[in-house]
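File shown here: target-v3.csv, holding CSV, C-alpha atoms.
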```
chain,number,residue,atom,x,y,z
A,1,MET,CA,119.5,110.9,94.1
A,2,THR,CA,119.0,113.4,91.4
A,3,ARG,CA,117.3,111.4,88.6
A,4,PHE,CA,113.9,113.1,88.9
A,5,SER,CA,114.8,116.2,91.0
A,6,ASN,CA,114.4,118.7,88.2
A,7,GLN,CA,110.7,117.9,87.8
A,8,THR,CA,108.7,119.8,90.4
A,9,TYR,CA,105.1,120.9,90.2
A,10,PRO,CA,104.3,123.4,93.1
A,11,GLU,CA,101.0,124.3,91.5
A,12,ALA,CA,99.8,120.8,92.2
A,13,ILE,CA,99.4,121.6,95.9
A,14,GLN,CA,96.6,124.1,95.2
A,15,VAL,CA,95.0,121.6,92.7
A,16,LEU,CA,95.1,119.0,95.5
A,17,ASP,CA,93.2,121.2,97.9
A,18,TRP,CA,90.6,122.2,95.2
A,19,THR,CA,90.0,118.6,94.2
A,20,GLN,CA,89.3,117.5,97.7
A,21,ARG,CA,87.1,120.5,98.4
A,22,ALA,CA,85.1,119.7,95.2
A,23,LEU,CA,84.7,116.1,96.3
A,24,ASN,CA,83.4,117.2,99.7
A,25,LEU,CA,80.9,119.6,98.2
A,26,MET,CA,79.6,116.7,96.1
A,27,ASN,CA,79.2,114.6,99.3
A,28,LYS,CA,82.0,112.3,98.2
A,29,SER,CA,84.3,113.0,101.1
A,30,GLU,CA,85.0,109.2,101.4
A,31,ILE,CA,87.0,109.6,98.1
A,32,LYS,CA,90.4,111.1,98.9
A,33,ALA,CA,92.6,113.1,96.6
A,34,THR,CA,96.2,112.4,97.3
A,35,MET,CA,99.7,113.3,96.1
A,36,SER,CA,102.7,111.1,95.1
A,37,HIS,CA,106.4,111.7,95.6
A,38,PHE,CA,109.4,109.8,94.2
A,39,THR,CA,112.0,109.0,96.8
A,40,ASP,CA,114.4,111.7,95.5
A,41,VAL,CA,112.4,114.3,97.5
A,42,LEU,CA,114.5,112.9,100.4
A,43,ILE,CA,118.0,113.9,101.2
A,44,PRO,CA,120.4,111.1,99.9
A,45,ILE,CA,121.3,109.2,103.1
A,46,LYS,CA,121.1,105.5,104.0
A,47,LYS,CA,119.7,105.5,107.6
A,48,PRO,CA,115.9,105.7,107.9
A,49,SER,CA,116.2,107.4,111.3
A,50,GLU,CA,117.9,110.4,109.7
A,51,GLY,CA,115.3,110.7,106.9
A,52,ALA,CA,114.4,114.2,105.9
A,53,PHE,CA,113.0,116.0,102.9
A,54,ARG,CA,115.4,118.1,100.8
A,55,LYS,CA,115.5,121.7,102.0
A,56,ASP,CA,114.5,123.1,98.6
A,57,LEU,CA,111.3,121.1,98.6
A,58,GLU,CA,110.5,121.0,102.3
A,59,PRO,CA,108.1,124.0,102.4
A,60,ASN,CA,105.9,122.7,99.5
A,61,ILE,CA,106.0,119.2,100.8
A,62,THR,CA,105.1,120.4,104.3
A,63,ARG,CA,102.1,122.3,102.9
A,64,SER,CA,100.9,119.4,100.8
A,65,CYS,CA,101.2,117.0,103.8
A,66,GLN,CA,99.2,119.4,106.0
A,67,ILE,CA,96.4,119.5,103.4
A,68,LEU,CA,96.3,115.7,103.2
A,69,GLN,CA,96.4,115.4,106.9
A,70,SER,CA,93.5,117.8,107.3
A,71,TYR,CA,91.3,115.6,105.0
A,72,ASN,CA,92.6,112.3,106.6
A,73,ALA,CA,94.0,111.3,103.2
A,74,PRO,CA,97.0,109.1,102.5
A,75,ILE,CA,100.2,110.2,100.9
A,76,GLY,CA,101.9,108.2,98.2
A,77,VAL,CA,105.6,107.3,97.7
A,78,VAL,CA,107.1,105.9,94.5
A,79,ILE,CA,109.9,103.3,95.2
A,80,PHE,CA,112.0,102.0,92.4
A,81,PRO,CA,114.3,99.6,94.2
A,82,LEU,CA,116.9,99.1,91.5
A,83,VAL,CA,117.3,102.8,91.1
A,84,ASN,CA,117.5,103.3,94.9
A,85,VAL,CA,120.3,100.7,95.4
A,86,ASN,CA,122.3,102.2,92.5
A,87,ASP,CA,122.0,105.7,94.0
A,88,LEU,CA,122.5,104.8,97.7
A,89,PHE,CA,123.9,101.3,98.2
A,90,ASN,CA,126.8,101.1,95.7
A,91,GLY,CA,124.7,99.2,93.1
A,92,ASP,CA,124.1,96.2,95.4
A,93,THR,CA,121.3,94.7,93.4
A,94,GLU,CA,120.7,91.9,96.0
A,95,PHE,CA,119.6,94.6,98.5
A,96,ALA,CA,116.8,95.6,96.1
A,97,PHE,CA,115.1,92.1,96.4
A,98,LEU,CA,112.9,91.2,99.3
A,99,GLU,CA,114.4,87.8,100.2
A,100,ASN,CA,116.8,89.6,102.6
A,101,ASN,CA,119.9,87.8,101.4
A,102,SER,CA,122.1,90.9,100.9
A,103,THR,CA,125.4,91.7,102.6
A,104,SER,CA,124.2,95.3,102.9
A,105,VAL,CA,121.9,94.4,105.9
A,106,PHE,CA,122.4,97.0,108.6
A,107,LYS,CA,121.1,98.1,112.0
A,108,ASP,CA,119.6,101.5,112.6
A,109,GLY,CA,119.2,101.8,116.4
A,110,ASP,CA,117.1,98.8,117.4
A,111,LYS,CA,115.8,98.2,113.9
A,112,THR,CA,117.4,95.9,111.2
A,113,TYR,CA,117.1,96.7,107.5
A,114,SER,CA,117.6,93.9,105.0
A,115,ASN,CA,116.2,95.4,101.8
A,116,VAL,CA,115.9,98.8,100.2
A,117,VAL,CA,112.1,98.9,100.1
A,118,GLU,CA,111.8,99.0,103.8
A,119,VAL,CA,114.7,101.5,104.0
A,120,MET,CA,113.0,104.0,101.7
A,121,TYR,CA,109.5,103.5,103.2
A,122,ASP,CA,110.7,104.1,106.7
A,123,MET,CA,112.9,107.0,105.6
A,124,PHE,CA,109.8,108.7,104.1
A,125,ASP,CA,107.9,108.0,107.4
A,126,VAL,CA,110.6,109.8,109.4
A,127,ALA,CA,110.7,112.7,107.0
A,128,LEU,CA,106.9,113.1,107.4
A,129,GLU,CA,107.3,113.2,111.1
A,130,LYS,CA,109.9,115.9,110.9
A,131,VAL,CA,107.5,118.2,109.0
A,132,GLY,CA,104.7,117.8,111.5
A,133,CYS,CA,102.8,115.0,109.8
A,134,PRO,CA,103.4,111.8,111.8
A,135,ASN,CA,101.3,108.7,111.6
A,136,MET,CA,100.0,109.5,108.1
A,137,THR,CA,98.9,106.6,106.0
A,138,ILE,CA,101.6,105.9,103.4
A,139,ILE,CA,100.8,103.9,100.3
A,140,ILE,CA,103.4,102.7,97.9
A,141,ASP,CA,101.6,103.9,94.8
A,142,ALA,CA,104.2,102.8,92.3
A,143,ILE,CA,106.9,100.1,92.6
A,144,GLY,CA,108.4,98.0,89.9
A,145,TRP,CA,111.4,96.5,88.2
A,146,PRO,CA,112.5,97.4,84.6
A,147,THR,CA,113.2,94.6,82.2
A,148,ASP,CA,115.6,96.6,80.0
A,149,GLY,CA,117.6,99.8,79.7
A,150,ILE,CA,119.5,99.6,83.0
A,151,LYS,CA,122.1,97.3,84.6
A,152,ASP,CA,120.3,94.2,86.1
A,153,GLY,CA,117.1,95.3,84.5
A,154,ASN,CA,116.0,92.1,82.9
A,155,ILE,CA,113.0,89.6,82.8
A,156,PRO,CA,114.4,87.0,85.3
A,157,ASN,CA,115.2,89.7,87.9
A,158,ALA,CA,111.9,91.3,87.4
A,159,GLN,CA,110.1,88.0,87.9
A,160,ARG,CA,112.1,87.4,91.1
A,161,PHE,CA,111.4,90.9,92.4
A,162,TYR,CA,107.6,90.7,91.8
A,163,GLN,CA,107.3,87.3,93.3
A,164,GLY,CA,109.1,88.5,96.4
A,165,LEU,CA,107.0,91.7,96.5
A,166,ALA,CA,103.8,89.7,96.4
A,167,LYS,CA,104.9,87.6,99.3
A,168,PHE,CA,105.9,90.7,101.2
A,169,VAL,CA,102.5,92.3,100.7
A,170,ALA,CA,100.6,89.1,101.5
A,171,SER,CA,102.6,88.6,104.8
A,172,LYS,CA,101.2,92.0,106.1
A,173,LYS,CA,104.4,92.3,108.2
A,174,GLY,CA,105.1,95.9,107.1
A,175,THR,CA,108.4,97.6,107.9
A,176,PRO,CA,110.5,98.0,111.0
A,177,ARG,CA,108.9,101.4,111.8
A,178,ARG,CA,105.5,100.6,110.4
A,179,PRO,CA,104.4,97.0,111.2
A,180,GLY,CA,101.2,95.9,109.5
A,181,PRO,CA,99.6,95.9,106.0
A,182,ILE,CA,100.7,98.3,103.3
A,183,ASP,CA,98.8,99.2,100.2
A,184,VAL,CA,101.1,98.6,97.2
A,185,TYR,CA,100.5,99.3,93.5
A,186,ILE,CA,102.6,97.8,90.8
A,187,HIS,CA,104.3,100.0,88.2
A,188,ASN,CA,103.5,99.1,85.4
A,189,LEU,CA,101.0,96.8,83.7
A,190,SER,CA,102.6,97.2,80.2
A,191,ASP,CA,105.5,98.9,78.6
A,192,GLU,CA,105.0,102.5,77.4
A,193,ASN,CA,106.8,103.5,74.3
A,194,LYS,CA,106.2,107.2,74.6
A,195,ILE,CA,107.0,107.8,78.2
A,196,ASN,CA,109.6,110.4,79.0
A,197,LYS,CA,113.0,108.7,79.2
A,198,ASN,CA,115.1,111.6,80.5
A,199,ALA,CA,115.9,109.5,83.6
A,200,GLY,CA,117.0,106.7,81.4
A,201,SER,CA,115.7,104.4,78.7
A,202,PHE,CA,114.6,101.9,81.4
A,203,MET,CA,111.6,104.2,82.0
A,204,ARG,CA,109.9,102.6,78.9
A,205,HIS,CA,110.3,99.0,80.2
A,206,TRP,CA,108.4,98.7,83.4
A,207,GLY,CA,105.6,96.5,82.1
A,208,ILE,CA,104.8,93.0,83.4
A,209,TYR,CA,103.2,92.6,79.9
A,210,LYS,CA,104.9,93.1,76.5
A,211,PHE,CA,103.5,95.6,74.0
A,212,ASP,CA,101.5,92.8,72.4
A,213,GLY,CA,99.6,91.9,75.6
A,214,GLN,CA,101.7,88.8,76.3
A,215,PRO,CA,103.0,88.4,79.9
A,216,LYS,CA,106.8,88.6,80.2
A,217,PHE,CA,106.9,86.1,83.0
A,218,ASN,CA,104.8,83.9,85.3
A,219,PHE,CA,103.7,85.7,88.5
A,220,ASP,CA,101.6,84.6,91.4
A,221,LEU,CA,99.7,87.7,92.5
A,222,GLN,CA,98.5,86.0,95.7
A,223,GLY,CA,102.1,85.8,97.0
A,224,LEU,CA,102.1,82.0,97.5
A,225,GLY,CA,105.2,81.4,95.4
A,226,ARG,CA,103.4,79.3,92.8
A,227,ASP,CA,104.3,79.2,89.1
A,228,VAL,CA,101.2,81.0,87.8
A,229,LYS,CA,100.8,82.0,84.2
A,230,LEU,CA,99.2,85.5,83.7
A,231,VAL,CA,96.3,85.7,81.3
A,232,PRO,CA,97.3,87.4,78.1
A,233,ALA,CA,95.5,90.6,77.1
A,234,ILE,CA,93.0,90.2,74.3
A,235,GLY,CA,91.9,92.5,71.5
A,236,ILE,CA,95.4,93.9,70.8
A,237,THR,CA,95.7,95.0,67.2
A,238,HIS,CA,98.9,96.0,65.4
A,239,MET,CA,100.1,97.0,62.0
A,240,PRO,CA,100.9,93.9,59.8
A,241,LYS,CA,104.5,92.8,59.8
A,242,ARG,CA,106.3,93.8,56.6
A,243,TRP,CA,109.8,94.4,55.2
A,244,CYS,CA,111.1,97.9,54.9
A,245,ILE,CA,113.6,98.8,52.2
A,246,PHE,CA,116.1,101.6,52.9
A,247,ASN,CA,116.0,104.4,50.5
A,248,ASP,CA,119.2,106.5,50.8
A,249,ARG,CA,117.5,109.4,48.9
A,250,TYR,CA,115.9,110.3,52.3
A,251,ALA,CA,118.9,109.6,54.5
```

Rendering of file as structure tokens:
Amino acid sequence: MTRFSNQTYPEAIQVLDWTQRALNLMNKSEIKATMSHFTDVLIPIKKPSEGAFRKDLEPNITRSCQILQSYNAPIGVVIFPLVNVNDLFNGDTEFAFLENNSTSVFKDGDKTYSNVVEVMYDMFDVALEKVGCPNMTIIIDAIGWPTDGIKDGNIPNAQRFYQGLAKFVASKKGTPRRPGPIDVYIHNLSDENKINKNAGSFMRHWGIYKFDGQPKFNFDLQGLGRDVKLVPAIGITHMPKRWCIFNDRYA
């Protein structure tokens, strides 16, 4: 997985430490500074039990994990299931959903993996253990499904994924290595037309809302599988619609 591997910020480790120290000095130690990592910090393998951080990143990740652990802070992982299955599981889109209907289901020791979300989460867990930071709280601080710009990135698939994700979170079943509730944050509320798209044009199409504040699909946030309409955003203003006439003098 190399989509985001050229974007590293080693100076963030020192900022992380300074931020938490400042919070502690302000008697706000209950607020935790944390750090997020996309899954391409891991070596590109399929089996969670063999999870490990890339050697070029391991020293910095180890240091950041030690800082977080010393403050009893969680660590974040960003999981983009459609990207992960394209990179590791031969584009098996079904394995990116959480209904567990894929033919890519496999056993890893005594544990069975039936979707890529659990694979990546547990692989990250194993990698943390290998750098001396076991049992850290792991939050999924960004997970989503693009609605354009990539194969199988469309509104029906996004709706299916988010409905399955809500059920997964509500079940509190966790993963094979980490049973129990997981804190999960959706990426993203709305499309962003100026986000960097070096990894692909799909990076601008993560929203569950359109640019005009209208929901792209129905979504039951409680994970009960109901056909629930999201409330549109209000107060959105745009330039008036108008025709543009091409002037070849400026072409």

Checklist entry - From the list A:Gly164, A:Pro10, A:Gly76, A:Pro81, which residue is nearest Arg63 (chain A) when using all atoms listed in the file? => result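 Checking each of A:Gly164, A:Pro10, A:Gly76, A:Pro81 against Arg63 (chain A), counting all atoms listed in the file, the winner is A:Pro10.
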
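When all atoms listed in the file are used to measure the gap to Phe161 (chain A), the shortest distance among A:Ile208, A:Ile31, A:Ile75, A:Val15 belongs to A:Ile208.
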
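Within a radius of 12 Å around (87.4, 112.4, 101.7), the polymer residues are Leu16, Asp17, Thr19, Gln20, Arg21, Ala22, Leu23, Asn24, Leu25, Met26, Asn27, Lys28, Ser29, Glu30, Ile31, Lys32, Ala33, Thr34, Ile67, Leu68, Gln69, Ser70, Tyr71, Asn72, Ala73 and Pro74 of chain A, counting all atoms listed in the file.
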
C-alpha atoms of the current selection, written as a PDB file, in the coordinates of the input:
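File written: selection-v2.pdb
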```
ATOM      1  CA  LEU A  16      95.100 119.000  95.500  1.00  0.00           C
ATOM      2  CA  ASP A  17      93.200 121.200  97.900  1.00  0.00           C
ATOM      3  CA  THR A  19      90.000 118.600  94.200  1.00  0.00           C
ATOM      4  CA  GLN A  20      89.300 117.500  97.700  1.00  0.00           C
ATOM      5  CA  ARG A  21      87.100 120.500  98.400  1.00  0.00           C
ATOM      6  CA  ALA A  22      85.100 119.700  95.200  1.00  0.00           C
ATOM      7  CA  LEU A  23      84.700 116.100  96.300  1.00  0.00           C
ATOM      8  CA  ASN A  24      83.400 117.200  99.700  1.00  0.00           C
ATOM      9  CA  LEU A  25      80.900 119.600  98.200  1.00  0.00           C
ATOM     10  CA  MET A  26      79.600 116.700  96.100  1.00  0.00           C
ATOM     11  CA  ASN A  27      79.200 114.600  99.300  1.00  0.00           C
ATOM     12  CA  LYS A  28      82.000 112.300  98.200  1.00  0.00           C
ATOM     13  CA  SER A  29      84.300 113.000 101.100  1.00  0.00           C
ATOM     14  CA  GLU A  30      85.000 109.200 101.400  1.00  0.00           C
ATOM     15  CA  ILE A  31      87.000 109.600  98.100  1.00  0.00           C
ATOM     16  CA  LYS A  32      90.400 111.100  98.900  1.00  0.00           C
ATOM     17  CA  ALA A  33      92.600 113.100  96.600  1.00  0.00           C
ATOM     18  CA  THR A  34      96.200 112.400  97.300  1.00  0.00           C
ATOM     19  CA  ILE A  67      96.400 119.500 103.400  1.00  0.00           C
ATOM     20  CA  LEU A  68      96.300 115.700 103.200  1.00  0.00           C
ATOM     21  CA  GLN A  69      96.400 115.400 106.900  1.00  0.00           C
ATOM     22  CA  SER A  70      93.500 117.800 107.300  1.00  0.00           C
ATOM     23  CA  TYR A  71      91.300 115.600 105.000  1.00  0.00           C
ATOM     24  CA  ASN A  72      92.600 112.300 106.600  1.00  0.00           C
ATOM     25  CA  ALA A  73      94.000 111.300 103.200  1.00  0.00           C
ATOM     26  CA  PRO A  74      97.000 109.100 102.500  1.00  0.00           C
TER      27      PRO A  74
END
```

Checklist entry - Any idea what the distance is between CA of Ile61 (chain A) and CA of Asn90 (chain A)? => result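 Separation between CA of Ile61 (chain A) and CA of Asn90 (chain A): 28.0 Å.
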
Next on the checklist: As an exercise, work out the distance from CA of Asp212 (chain A) to CA of Ile236 (chain A) in Å and give it to one decimal place.
Outcome noted: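 Rounded to one decimal, the two atoms are 6.4 Å apart.
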
Next on the checklist: Please return as an MDAnalysis selection string every residue within 10 Å of (99.5, 86.3, 77.3), taking into account all atoms listed in the file and the file's own coordinates.
Outcome noted: chainID A and resid 209:210 212:218 229:234

With C-alpha atoms retained, could you export that selection as a CSV table (one decimal), keeping the file's coordinate frame?
```csv
chain,number,residue,atom,x,y,z
A,209,TYR,CA,103.2,92.6,79.9
A,210,LYS,CA,104.9,93.1,76.5
A,212,ASP,CA,101.5,92.8,72.4
A,213,GLY,CA,99.6,91.9,75.6
A,214,GLN,CA,101.7,88.8,76.3
A,215,PRO,CA,103.0,88.4,79.9
A,216,LYS,CA,106.8,88.6,80.2
A,217,PHE,CA,106.9,86.1,83.0
A,218,ASN,CA,104.8,83.9,85.3
A,229,LYS,CA,100.8,82.0,84.2
A,230,LEU,CA,99.2,85.5,83.7
A,231,VAL,CA,96.3,85.7,81.3
A,232,PRO,CA,97.3,87.4,78.1
A,233,ALA,CA,95.5,90.6,77.1
A,234,ILE,CA,93.0,90.2,74.3
```

Checklist entry - If we count all atoms listed in the file, what is near region 187-198 of chain A at a cut-off of 10 Å, once residues fewer than 4 positions away on the same chain are taken out, given as number ranges by chain? => result A: 3-4, 78-80, 141-147, 202-216

Checklist entry - CA of Ile13 (chain A) to CA of Lys55 (chain A): how many Å, to one decimal? => result 17.2 Å

Checklist entry - Which one of A:Phe106, A:Tyr185, A:Tyr121, A:Phe95 sits closest to Val169 (chain A) if you count all atoms listed in the file? => result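 Answer, going by the shortest atom-to-atom distance: A:Tyr185.
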
Checklist entry - With distances taken over only C-alpha atoms, which of A:Glu99, A:Lys46, A:Ile140, A:Asn135 is nearest to Val184 (chain A)? => result A:Ile140

Checklist entry - Which is closer to Ala52 (chain A) than all the others in A:Glu129, A:Asp87, A:Asp108, A:Glu11, using only C-alpha atoms? => result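 Looking at the shortest contact to Ala52 (chain A), the residue is A:Glu129.
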
Next on the checklist: I'd like to know which of A:Val105, A:Met120, A:Val83, A:Leu128 is closest to Thr62 (chain A), using all atoms listed in the file.
Outcome noted: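 Residue with the minimum atom-to-atom distance to Thr62 (chain A): A:Leu128.
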